[in-house]
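J.: Input file: entry_12.pdb. Contents: PDB, C-alpha atoms.
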ATOM      1  CA  MET Y   1       0.000   0.000   0.000
ATOM      2  CA  THR Y   2       1.444   3.349  -1.031
ATOM      3  CA  VAL Y   3       2.075   6.411   1.115
ATOM      4  CA  GLU Y   4       1.374   9.886  -0.233
ATOM      5  CA  THR Y   5       3.289  12.746   1.363
ATOM      6  CA  THR Y   6       2.070  16.326   1.159
ATOM      7  CA  PHE Y   7       2.763  19.484   3.146
ATOM      8  CA  PHE Y   8       0.581  22.119   4.780
ATOM      9  CA  GLU Y   9       1.128  25.300   6.772
ATOM     10  CA  SER Y  10       0.201  25.289  10.440
ATOM     11  CA  PHE Y  11      -1.328  28.229  12.331
ATOM     12  CA  ASP Y  12       1.961  30.171  12.343
ATOM     13  CA  GLY Y  13       3.128  29.291   8.835
ATOM     14  CA  THR Y  14       5.399  26.404   9.900
ATOM     15  CA  ARG Y  15       5.530  23.804   7.105
ATOM     16  CA  LEU Y  16       4.448  20.384   8.311
ATOM     17  CA  ALA Y  17       4.558  17.041   6.515
ATOM     18  CA  LEU Y  18       1.471  14.854   6.230
ATOM     19  CA  HIS Y  19       1.688  11.205   5.194
ATOM     20  CA  ARG Y  20      -1.502   9.505   3.957
ATOM     21  CA  MET Y  21      -2.339   5.853   3.379
ATOM     22  CA  GLY Y  22      -5.556   4.107   2.395
ATOM     23  CA  GLN Y  23      -9.088   5.246   1.701
ATOM     24  CA  GLY Y  24     -12.146   5.457   3.925
ATOM     25  CA  ARG Y  25     -12.944   6.945   7.307
ATOM     26  CA  PRO Y  26     -10.134   9.287   8.442
ATOM     27  CA  ILE Y  27      -7.985   8.496  11.460
ATOM     28  CA  VAL Y  28      -5.206  10.870  12.531
ATOM     29  CA  LEU Y  29      -2.197   9.169  14.152
ATOM     30  CA  LEU Y  30       0.389  11.145  16.143
ATOM     31  CA  HIS Y  31       3.909   9.804  16.699
ATOM     32  CA  GLY Y  32       6.174   9.905  19.745
ATOM     33  CA  LEU Y  33       8.867  12.328  20.873
ATOM     34  CA  PHE Y  34      11.832  12.636  18.468
ATOM     35  CA  SER Y  35      10.343   9.880  16.316
ATOM     36  CA  SER Y  36       8.278  10.346  13.134
ATOM     37  CA  ALA Y  37       5.245   9.027  11.298
ATOM     38  CA  ALA Y  38       7.557   6.788   9.276
ATOM     39  CA  MET Y  39       9.179   5.296  12.374
ATOM     40  CA  ASN Y  40       6.086   4.833  14.558
ATOM     41  CA  TRP Y  41       3.338   4.060  12.056
ATOM     42  CA  ILE Y  42       4.681   3.125   8.619
ATOM     43  CA  LYS Y  43       7.918   1.162   9.051
ATOM     44  CA  PHE Y  44       6.441  -1.675  11.103
ATOM     45  CA  GLY Y  45       3.122  -1.950   9.250
ATOM     46  CA  HIS Y  46       0.688  -0.424  11.749
ATOM     47  CA  ALA Y  47      -0.704   2.119   9.282
ATOM     48  CA  GLU Y  48      -1.136  -0.548   6.618
ATOM     49  CA  ARG Y  49      -3.089  -2.812   8.991
ATOM     50  CA  ILE Y  50      -5.439   0.016   9.883
ATOM     51  CA  ALA Y  51      -5.792   1.155   6.275
ATOM     52  CA  ALA Y  52      -6.627  -2.411   5.223
ATOM     53  CA  ALA Y  53      -9.573  -2.311   7.644
ATOM     54  CA  GLY Y  54     -11.118   0.533   5.617
ATOM     55  CA  TYR Y  55      -9.510   3.723   6.919
ATOM     56  CA  GLU Y  56      -7.570   6.638   5.510
ATOM     57  CA  VAL Y  57      -4.623   6.938   7.872
ATOM     58  CA  LEU Y  58      -3.421  10.524   8.249
ATOM     59  CA  MET Y  59       0.015  10.786   9.848
ATOM     60  CA  PRO Y  60       1.560  14.214  10.390
ATOM     61  CA  ASP Y  61       5.165  14.730  11.399
ATOM     62  CA  PHE Y  62       5.212  17.090  14.369
ATOM     63  CA  ARG Y  63       7.288  20.241  13.926
ATOM     64  CA  VAL Y  64      10.976  19.444  14.575
ATOM     65  CA  HIS Y  65      10.294  15.825  13.552
ATOM     66  CA  GLY Y  66      10.499  13.788  10.369
ATOM     67  CA  GLU Y  67      10.059  15.832   7.205
ATOM     68  CA  SER Y  68       8.473  18.828   8.939
ATOM     69  CA  GLU Y  69      10.127  22.185   9.422
ATOM     70  CA  ALA Y  70      12.282  22.751  12.516
ATOM     71  CA  PRO Y  71      12.348  26.529  12.987
ATOM     72  CA  HIS Y  72      14.854  28.142  15.327
ATOM     73  CA  GLU Y  73      12.799  31.237  16.224
ATOM     74  CA  PRO Y  74      11.516  31.032  19.836
ATOM     75  CA  ALA Y  75       8.271  32.727  18.751
ATOM     76  CA  ARG Y  76       7.399  29.548  16.822
ATOM     77  CA  TYR Y  77       7.150  27.628  20.101
ATOM     78  CA  PRO Y  78       4.162  28.899  22.105
ATOM     79  CA  PRO Y  79       2.702  26.738  24.894
ATOM     80  CA  ASN Y  80       1.028  23.539  23.687
ATOM     81  CA  VAL Y  81       2.211  24.183  20.139
ATOM     82  CA  LEU Y  82       1.755  20.529  19.127
ATOM     83  CA  VAL Y  83      -1.930  20.606  20.084
ATOM     84  CA  ARG Y  84      -2.308  23.738  17.970
ATOM     85  CA  ASP Y  85      -0.623  21.946  15.079
ATOM     86  CA  VAL Y  86      -3.112  19.072  15.350
ATOM     87  CA  ALA Y  87      -5.996  21.534  15.353
ATOM     88  CA  ALA Y  88      -4.481  23.204  12.278
ATOM     89  CA  LEU Y  89      -4.369  19.839  10.509
ATOM     90  CA  VAL Y  90      -8.022  19.131  11.342
ATOM     91  CA  ASP Y  91      -8.959  22.574   9.978
ATOM     92  CA  HIS Y  92      -6.743  22.157   6.904
ATOM     93  CA  LEU Y  93      -8.465  18.898   5.958
ATOM     94  CA  SER Y  94     -11.924  20.071   7.112
ATOM     95  CA  LEU Y  95     -12.278  16.865   9.108
ATOM     96  CA  ASP Y  96     -15.650  16.183  10.657
ATOM     97  CA  ALA Y  97     -16.270  12.490  11.367
ATOM     98  CA  TYR Y  98     -12.802  11.160  12.228
ATOM     99  CA  ASP Y  99     -10.831   9.281  14.881
ATOM    100  CA  LEU Y 100      -7.588  10.266  16.614
ATOM    101  CA  GLY Y 101      -4.729   8.226  18.024
ATOM    102  CA  GLY Y 102      -1.236   8.698  19.332
ATOM    103  CA  PHE Y 103       1.740   6.937  20.833
ATOM    104  CA  SER Y 104       3.721   8.323  23.800
ATOM    105  CA  LEU Y 105       4.033  12.090  23.184
ATOM    106  CA  GLY Y 106       1.420  11.658  20.463
ATOM    107  CA  ALA Y 107      -0.947  10.082  22.993
ATOM    108  CA  ARG Y 108      -0.261  12.865  25.476
ATOM    109  CA  THR Y 109      -0.954  15.458  22.770
ATOM    110  CA  ALA Y 110      -4.184  13.721  21.737
ATOM    111  CA  LEU Y 111      -5.379  13.637  25.358
ATOM    112  CA  HIS Y 112      -4.635  17.357  25.821
ATOM    113  CA  ALA Y 113      -6.478  18.206  22.626
ATOM    114  CA  THR Y 114      -9.588  16.188  23.442
ATOM    115  CA  ALA Y 115      -9.732  16.939  27.172
ATOM    116  CA  HIS Y 116      -9.803  20.659  26.434
ATOM    117  CA  GLY Y 117     -12.188  20.423  23.481
ATOM    118  CA  ILE Y 118      -9.636  21.755  20.992
ATOM    119  CA  VAL Y 119     -10.413  18.874  18.628
ATOM    120  CA  ARG Y 120     -13.470  16.619  18.709
ATOM    121  CA  PRO Y 121     -12.786  13.166  17.275
ATOM    122  CA  ALA Y 122     -15.380  10.416  17.537
ATOM    123  CA  ARG Y 123     -12.951   7.888  19.058
ATOM    124  CA  LEU Y 124      -9.519   8.034  20.646
ATOM    125  CA  ILE Y 125      -6.520   5.684  20.831
ATOM    126  CA  VAL Y 126      -3.913   6.238  23.558
ATOM    127  CA  GLY Y 127      -0.745   4.174  23.082
ATOM    128  CA  GLY Y 128       2.287   3.834  25.352
ATOM    129  CA  MET Y 129       0.964   6.274  27.947
ATOM    130  CA  GLY Y 130       0.189   5.959  31.646
ATOM    131  CA  THR Y 131      -0.827   8.245  34.480
ATOM    132  CA  ALA Y 132       2.732   9.282  35.380
ATOM    133  CA  GLY Y 133       3.444  10.330  31.802
ATOM    134  CA  LEU Y 134       0.875  13.115  31.973
ATOM    135  CA  ALA Y 135       2.661  14.926  34.817
ATOM    136  CA  ASP Y 136       6.167  16.117  35.728
ATOM    137  CA  TRP Y 137       7.053  17.183  32.199
ATOM    138  CA  THR Y 138       9.688  19.481  33.716
ATOM    139  CA  GLY Y 139      11.621  16.458  34.946
ATOM    140  CA  ARG Y 140      11.233  14.583  31.675
ATOM    141  CA  SER Y 141      12.274  17.540  29.559
ATOM    142  CA  ALA Y 142      15.323  18.093  31.806
ATOM    143  CA  PHE Y 143      16.522  14.603  30.874
ATOM    144  CA  PHE Y 144      16.269  15.326  27.152
ATOM    145  CA  LYS Y 145      17.839  18.757  27.547
ATOM    146  CA  ARG Y 146      20.858  17.064  29.095
ATOM    147  CA  VAL Y 147      20.966  14.653  26.168
ATOM    148  CA  ILE Y 148      20.889  17.605  23.764
ATOM    149  CA  ASP Y 149      23.430  19.693  25.665
ATOM    150  CA  GLU Y 150      25.959  16.933  26.319
ATOM    151  CA  PHE Y 151      25.221  14.861  23.194
ATOM    152  CA  ASP Y 152      28.556  13.522  21.834
ATOM    153  CA  ALA Y 153      30.101  13.649  25.313
ATOM    154  CA  ILE Y 154      27.619  11.070  26.669
ATOM    155  CA  GLU Y 155      29.404   7.791  27.349
ATOM    156  CA  ARG Y 156      28.065   4.359  26.467
ATOM    157  CA  SER Y 157      27.609   3.493  30.157
ATOM    158  CA  ASP Y 158      25.329   6.527  30.688
ATOM    159  CA  PRO Y 159      21.560   5.748  30.816
ATOM    160  CA  ALA Y 160      21.103   8.685  28.399
ATOM    161  CA  TYR Y 161      23.291   7.055  25.743
ATOM    162  CA  PHE Y 162      20.440   5.217  24.034
ATOM    163  CA  SER Y 163      18.385   8.421  23.786
ATOM    164  CA  MET Y 164      21.344  10.267  22.311
ATOM    165  CA  GLN Y 165      21.802   7.536  19.719
ATOM    166  CA  PHE Y 166      18.117   7.650  18.835
ATOM    167  CA  LEU Y 167      18.185  11.425  18.314
ATOM    168  CA  LYS Y 168      21.274  11.019  16.171
ATOM    169  CA  SER Y 169      19.639   8.302  14.060
ATOM    170  CA  GLN Y 170      16.614  10.521  13.463
ATOM    171  CA  GLY Y 171      18.701  13.536  12.479
ATOM    172  CA  THR Y 172      16.991  15.650  15.135
ATOM    173  CA  ASP Y 173      17.689  19.387  15.009
ATOM    174  CA  ARG Y 174      18.872  19.938  18.580
ATOM    175  CA  ILE Y 175      18.315  23.708  18.667
ATOM    176  CA  ALA Y 176      14.696  23.330  17.610
ATOM    177  CA  ALA Y 177      14.219  20.279  19.828
ATOM    178  CA  ARG Y 178      15.316  22.197  22.902
ATOM    179  CA  LEU Y 179      12.814  24.950  22.133
ATOM    180  CA  LEU Y 180      10.022  22.416  21.662
ATOM    181  CA  LEU Y 181      10.639  20.766  25.036
ATOM    182  CA  ASP Y 182       9.562  23.946  26.840
ATOM    183  CA  THR Y 183       6.132  24.047  25.139
ATOM    184  CA  ILE Y 184       4.626  20.877  26.599
ATOM    185  CA  PRO Y 185       2.465  21.354  29.732
ATOM    186  CA  ASP Y 186       1.308  18.823  32.300
ATOM    187  CA  LEU Y 187      -2.245  17.507  32.102
ATOM    188  CA  ASP Y 188      -4.365  17.611  35.253
ATOM    189  CA  PRO Y 189      -5.766  14.096  35.849
ATOM    190  CA  ALA Y 190      -9.111  15.716  36.672
ATOM    191  CA  ASP Y 191      -9.343  16.845  33.047
ATOM    192  CA  LEU Y 192      -9.469  13.223  31.902
ATOM    193  CA  ALA Y 193     -13.130  13.159  32.943
ATOM    194  CA  ASN Y 194     -13.771  15.437  29.958
ATOM    195  CA  VAL Y 195     -12.631  12.741  27.509
ATOM    196  CA  ARG Y 196     -16.142  11.384  27.058
ATOM    197  CA  LEU Y 197     -15.666   9.282  23.965
ATOM    198  CA  PRO Y 198     -14.804   5.631  23.282
ATOM    199  CA  THR Y 199     -11.081   5.228  24.011
ATOM    200  CA  LEU Y 200      -8.583   2.436  23.528
ATOM    201  CA  VAL Y 201      -5.630   2.482  25.928
ATOM    202  CA  VAL Y 202      -2.999   0.120  24.506
ATOM    203  CA  CYS Y 203       0.422  -0.482  26.037
ATOM    204  CA  GLY Y 204       3.287  -2.965  26.028
ATOM    205  CA  ASP Y 205       3.293  -5.544  28.795
ATOM    206  CA  ALA Y 206       6.833  -4.479  29.770
ATOM    207  CA  ASP Y 207       6.273  -0.750  29.216
ATOM    208  CA  GLN Y 208       6.403   1.288  32.430
ATOM    209  CA  ASP Y 209       8.059   4.360  30.903
ATOM    210  CA  ASN Y 210       4.984   6.515  31.518
ATOM    211  CA  GLY Y 211       3.540   4.775  34.549
ATOM    212  CA  SER Y 212       0.459   2.576  34.605
ATOM    213  CA  ALA Y 213      -1.576   2.530  31.396
ATOM    214  CA  GLU Y 214      -4.200   0.418  33.152
ATOM    215  CA  ASP Y 215      -4.642   3.132  35.798
ATOM    216  CA  LEU Y 216      -4.952   5.708  33.027
ATOM    217  CA  ALA Y 217      -7.712   3.660  31.411
ATOM    218  CA  SER Y 218      -9.579   3.602  34.733
ATOM    219  CA  LEU Y 219      -9.630   7.419  34.788
ATOM    220  CA  LEU Y 220     -11.114   7.727  31.298
ATOM    221  CA  PRO Y 221     -14.918   7.449  31.253
ATOM    222  CA  TYR Y 222     -15.259   5.102  28.263
ATOM    223  CA  ALA Y 223     -11.899   3.367  27.961
ATOM    224  CA  LYS Y 224     -10.869  -0.185  27.182
ATOM    225  CA  TYR Y 225      -7.405  -1.378  28.176
ATOM    226  CA  VAL Y 226      -5.477  -3.765  25.904
ATOM    227  CA  GLU Y 227      -1.996  -5.100  26.565
ATOM    228  CA  VAL Y 228       0.404  -6.022  23.768
ATOM    229  CA  PRO Y 229       3.933  -7.488  23.916
ATOM    230  CA  GLY Y 230       6.961  -5.270  24.361
ATOM    231  CA  THR Y 231       8.699  -2.420  26.120
ATOM    232  CA  HIS Y 232       8.026   1.233  25.345
ATOM    233  CA  MET Y 233      10.376   1.253  22.366
ATOM    234  CA  GLY Y 234       9.860  -2.407  21.529
ATOM    235  CA  SER Y 235       6.065  -2.470  21.318
ATOM    236  CA  VAL Y 236       6.032  -0.211  18.267
ATOM    237  CA  THR Y 237       8.224  -2.675  16.376
ATOM    238  CA  LYS Y 238       5.772  -5.581  16.793
ATOM    239  CA  PRO Y 239       2.650  -6.203  14.681
ATOM    240  CA  ASP Y 240       0.479  -6.625  17.780
ATOM    241  CA  LEU Y 241       0.211  -2.859  18.358
ATOM    242  CA  GLY Y 242      -1.258  -2.066  14.951
ATOM    243  CA  GLN Y 243      -3.436  -5.176  15.026
ATOM    244  CA  ALA Y 244      -4.887  -4.229  18.403
ATOM    245  CA  MET Y 245      -5.708  -0.776  17.064
ATOM    246  CA  ALA Y 246      -7.292  -2.146  13.890
ATOM    247  CA  ASP Y 247      -9.299  -4.741  15.829
ATOM    248  CA  TRP Y 248     -10.658  -2.132  18.222
ATOM    249  CA  LEU Y 249     -11.583   0.270  15.422
ATOM    250  CA  GLY Y 250     -13.331  -2.455  13.435
ATOM    251  CA  GLU Y 251     -14.937  -1.744  10.073
ATOM    252  CA  PRO Y 252     -15.926   1.902   9.576
ATOM    253  CA  THR Y 253     -19.629   2.579   9.979
TER     254      THR Y 253
END
Reformat the file's structure so that it appears as structure tokens.
T.:
Amino acid sequence: MTVETTFFESFDGTRLALHRMGQGRPIVLLHGLFSSAAMNWIKFGHAERIAAAGYEVLMPDFRVHGESEAPHEPARYPPNVLVRDVAALVDHLSLDAYDLGGFSLGARTALHATAHGIVRPARLIVGGMGTAGLADWTGRSAFFKRVIDEFDAIERSDPAYFSMQFLKSQGTDRIAARLLLDTIPDLDPADLANVRLPTLVVCGDADQDNGSAEDLASLLPYAKYVEVPGTHMGSVTKPDLGQAMADWLGEPT
């Protein structure tokens, strides 16, 4: 199944990449931090499994990620900029009846957007995210800032080494990445009560990177929890993740 890549301008003129696969009911999928649509959704077949079930899979690259622009001007990084980019995509495509999903940072972004009514999908998929991952962004961003600042000086024995290698493999623009890290706010668990739509919470059985996904599902009014094999990074490389998403979505109505 082929992927079509186009570009659109977000609310502030930043040029963002959009990858599309399949035909049918639209579903927007958001990738994780310093990853890309290609890495999270296309490479390991998740998008193709969902498209084969009768969906048009719409996969933007966040700013600073993938094929999207990575501006260096601080003014291009207002609070919650990624949520605003998702809203810009929905407006750009004039989406009405659609679903929304995300993995890790993408899941966090999707929850922010729906909890605050900024976008209004019919259904939601939250992958690789637990209760702890919605809070203490200051601590999490401090880890990645150290990775960015120390980068080539990080030794193989350092727990940050793997993250440094991943950023290097993705060709991440470190100046833009550092600016982006300051735009992501915490989400008050009380706001999860506003997510009043059918939700799939899916997480690897060895993934505790963002706390308990099962606890997160219990805080969402209409959530189903599904466990798939793998760690946080490993679960996205296995077919079970995409299959679980496709099974839960079912045939479009």
J.: Could you write out as an MDAnalysis selection string the residues that the PyMOL selection byres ((chain Y and resi 66) around 9) matches in the shown file?
T.: chainID Y and resid 17 34:39 60:65 67:69 170:172
J.: What is the CA of Arg84 (chain Y)-CA of Met245 (chain Y) distance in Å, reported with one decimal?
T.: 24.8 Å
J.: Please write as a count of residues only the full residue list that the PyMOL selection byres ((chain Y and resi 193) around 8) yields on this file.
T.: 11
J.: Taking into account only C-alpha atoms, which residue in the set Y:Met233, Y:Asp182, Y:Pro252, Y:Gly45 is nearest to Ala206 (chain Y)?
T.: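 Among the listed residues, the smallest separation from Ala206 (chain Y) belongs to Y:Met233.
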J.: Given the PyMOL selection byres ((chain Y and resi 126) around 7) and the file above, list the residues it selects as a list in words.
T.: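 Checked against the file, the PyMOL selection byres ((chain Y and resi 126) around 7) matches Gly101, Gly102, Phe103, Ala107, Leu124, Ile125, Gly127, Gly128, Met129, Leu200, Val201 and Val202 of chain Y.
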J.: How would the residues just picked look written out with C-alpha atoms as a CSV table (one decimal), keeping the file's coordinate frame?
T.:
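Result went into out-v2.csv, see below:
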chain,number,residue,atom,x,y,z
Y,101,GLY,CA,-4.7,8.2,18.0
Y,102,GLY,CA,-1.2,8.7,19.3
Y,103,PHE,CA,1.7,6.9,20.8
Y,107,ALA,CA,-0.9,10.1,23.0
Y,124,LEU,CA,-9.5,8.0,20.6
Y,125,ILE,CA,-6.5,5.7,20.8
Y,127,GLY,CA,-0.7,4.2,23.1
Y,128,GLY,CA,2.3,3.8,25.4
Y,129,MET,CA,1.0,6.3,27.9
Y,200,LEU,CA,-8.6,2.4,23.5
Y,201,VAL,CA,-5.6,2.5,25.9
Y,202,VAL,CA,-3.0,0.1,24.5
J.: Have a look at Y:Met164, Y:Arg146, Y:Leu179, Y:Ala132 and name the one nearest to Asp215 (chain Y); count all atoms listed in the file.
T.: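 Of Y:Met164, Y:Arg146, Y:Leu179, Y:Ala132, the one nearest Asp215 (chain Y), counting all atoms listed in the file, is Y:Ala132.
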J.: At what distance in Å, to one decimal, does CA of Gly250 (chain Y) lie from CA of Leu100 (chain Y)?
T.: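 Straight-line distance from CA of Leu100 (chain Y) to CA of Gly250 (chain Y) works out to 14.3 Å.
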J.: Determine, counting all atoms listed in the file, which protein, DNA and RNA residues have an atom within 12 Å of an atom of Asp188 (chain Y); residues of the same chain fewer than 6 positions away are not included. Present the result as a PyMOL selection string.
T.: chain Y and resi 108+111-112+115-116+131-137+194+219
J.: Skip Phe44 (chain Y) itself and residues of its chain fewer than 3 positions away, then list as an NGL selection string all residues within 9 Å of it, counting only C-alpha atoms.
T.: :Y and (38-41 or 47-48 or 236-239 or 242)
J.: Let me make sure I understand: among Y:Leu58, Y:Val81, Y:Leu197, Y:Leu180, which one has the smallest atom-to-atom distance to Leu30 (chain Y) if we use all atoms listed in the file?
T.: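 Closest residue, counting all atoms listed in the file: Y:Leu58.
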J.: Name the residues in contact with region 117-122 of chain Y at a cut-off of 12 Å, using only C-alpha atoms, excluding same-chain residues fewer than 6 positions from it; report them as a PDB file with C-alpha atoms, in the frame of the given file.
T.:
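Output (around_39.pdb):
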ATOM      1  CA  ARG Y  25     -12.944   6.945   7.307  1.00  0.00           C
ATOM      2  CA  PRO Y  26     -10.134   9.287   8.442  1.00  0.00           C
ATOM      3  CA  ILE Y  27      -7.985   8.496  11.460  1.00  0.00           C
ATOM      4  CA  VAL Y  28      -5.206  10.870  12.531  1.00  0.00           C
ATOM      5  CA  LEU Y  29      -2.197   9.169  14.152  1.00  0.00           C
ATOM      6  CA  ASN Y  80       1.028  23.539  23.687  1.00  0.00           C
ATOM      7  CA  LEU Y  82       1.755  20.529  19.127  1.00  0.00           C
ATOM      8  CA  VAL Y  83      -1.930  20.606  20.084  1.00  0.00           C
ATOM      9  CA  ARG Y  84      -2.308  23.738  17.970  1.00  0.00           C
ATOM     10  CA  ASP Y  85      -0.623  21.946  15.079  1.00  0.00           C
ATOM     11  CA  VAL Y  86      -3.112  19.072  15.350  1.00  0.00           C
ATOM     12  CA  ALA Y  87      -5.996  21.534  15.353  1.00  0.00           C
ATOM     13  CA  ALA Y  88      -4.481  23.204  12.278  1.00  0.00           C
ATOM     14  CA  LEU Y  89      -4.369  19.839  10.509  1.00  0.00           C
ATOM     15  CA  VAL Y  90      -8.022  19.131  11.342  1.00  0.00           C
ATOM     16  CA  ASP Y  91      -8.959  22.574   9.978  1.00  0.00           C
ATOM     17  CA  SER Y  94     -11.924  20.071   7.112  1.00  0.00           C
ATOM     18  CA  LEU Y  95     -12.278  16.865   9.108  1.00  0.00           C
ATOM     19  CA  ASP Y  96     -15.650  16.183  10.657  1.00  0.00           C
ATOM     20  CA  ALA Y  97     -16.270  12.490  11.367  1.00  0.00           C
ATOM     21  CA  TYR Y  98     -12.802  11.160  12.228  1.00  0.00           C
ATOM     22  CA  ASP Y  99     -10.831   9.281  14.881  1.00  0.00           C
ATOM     23  CA  LEU Y 100      -7.588  10.266  16.614  1.00  0.00           C
ATOM     24  CA  GLY Y 101      -4.729   8.226  18.024  1.00  0.00           C
ATOM     25  CA  THR Y 109      -0.954  15.458  22.770  1.00  0.00           C
ATOM     26  CA  ALA Y 110      -4.184  13.721  21.737  1.00  0.00           C
ATOM     27  CA  LEU Y 111      -5.379  13.637  25.358  1.00  0.00           C
ATOM     28  CA  ASP Y 191      -9.343  16.845  33.047  1.00  0.00           C
ATOM     29  CA  LEU Y 192      -9.469  13.223  31.902  1.00  0.00           C
ATOM     30  CA  ALA Y 193     -13.130  13.159  32.943  1.00  0.00           C
ATOM     31  CA  ASN Y 194     -13.771  15.437  29.958  1.00  0.00           C
ATOM     32  CA  VAL Y 195     -12.631  12.741  27.509  1.00  0.00           C
ATOM     33  CA  ARG Y 196     -16.142  11.384  27.058  1.00  0.00           C
ATOM     34  CA  LEU Y 197     -15.666   9.282  23.965  1.00  0.00           C
ATOM     35  CA  PRO Y 198     -14.804   5.631  23.282  1.00  0.00           C
ATOM     36  CA  THR Y 199     -11.081   5.228  24.011  1.00  0.00           C
ATOM     37  CA  TYR Y 222     -15.259   5.102  28.263  1.00  0.00           C
ATOM     38  CA  LEU Y 249     -11.583   0.270  15.422  1.00  0.00           C
ATOM     39  CA  PRO Y 252     -15.926   1.902   9.576  1.00  0.00           C
ATOM     40  CA  THR Y 253     -19.629   2.579   9.979  1.00  0.00           C
TER      41      THR Y 253
END
J.: Would you mind listing what lies within 10 Å of Asp149 (chain Y) as a ChimeraX atom specification, with only C-alpha atoms counted and same-chain residues fewer than 5 positions away left out?
T.: /Y:144,154,174-175,178
J.: Can you measure CA of Gln208 (chain Y) to CA of Ala176 (chain Y) for me? One decimal in Å is fine.
T.: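 It comes out at 27.8 Å.
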J.: If the box runs along x, y and z of the file and leaves 5 Å on each side of region 162-167 of chain Y, what are its centre and edge lengths in Å, one decimal, as JSON?
T.:
{"center_x": 20.0, "center_y": 8.3, "center_z": 21.2, "size_x": 13.7, "size_y": 16.2, "size_z": 15.7}
J.: Looking at Y:Glu227, Y:Leu187, Y:Leu167, Y:Ser141, which one is nearest to Ala113 (chain Y), with distances taken over all atoms listed in the file?
T.: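 Among the listed residues, Y:Leu187 lies closest to Ala113 (chain Y).
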J.: Could you check the closest approach to Thr5 (chain Y) for each of Y:Ile184, Y:Ala51, Y:Ala244, Y:Val57 and tell me which residue wins, using only C-alpha atoms?
T.: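 Using only C-alpha atoms, Thr5 (chain Y) sits closest to Y:Val57.
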J.: Could you check which of Y:Pro71, Y:Gly211, Y:Pro185, Y:Gly204 is closest to Thr231 (chain Y), using only C-alpha atoms?
T.: Y:Gly204
J.: List the spatial neighbours of Leu33 (chain Y) as a list in words - criterion: any atom at most 8 Å away, only C-alpha atoms, same-chain residues fewer than 6 positions off excluded.
T.: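 Everything that qualifies: Ser104, Leu105 and Gly106 of chain Y.
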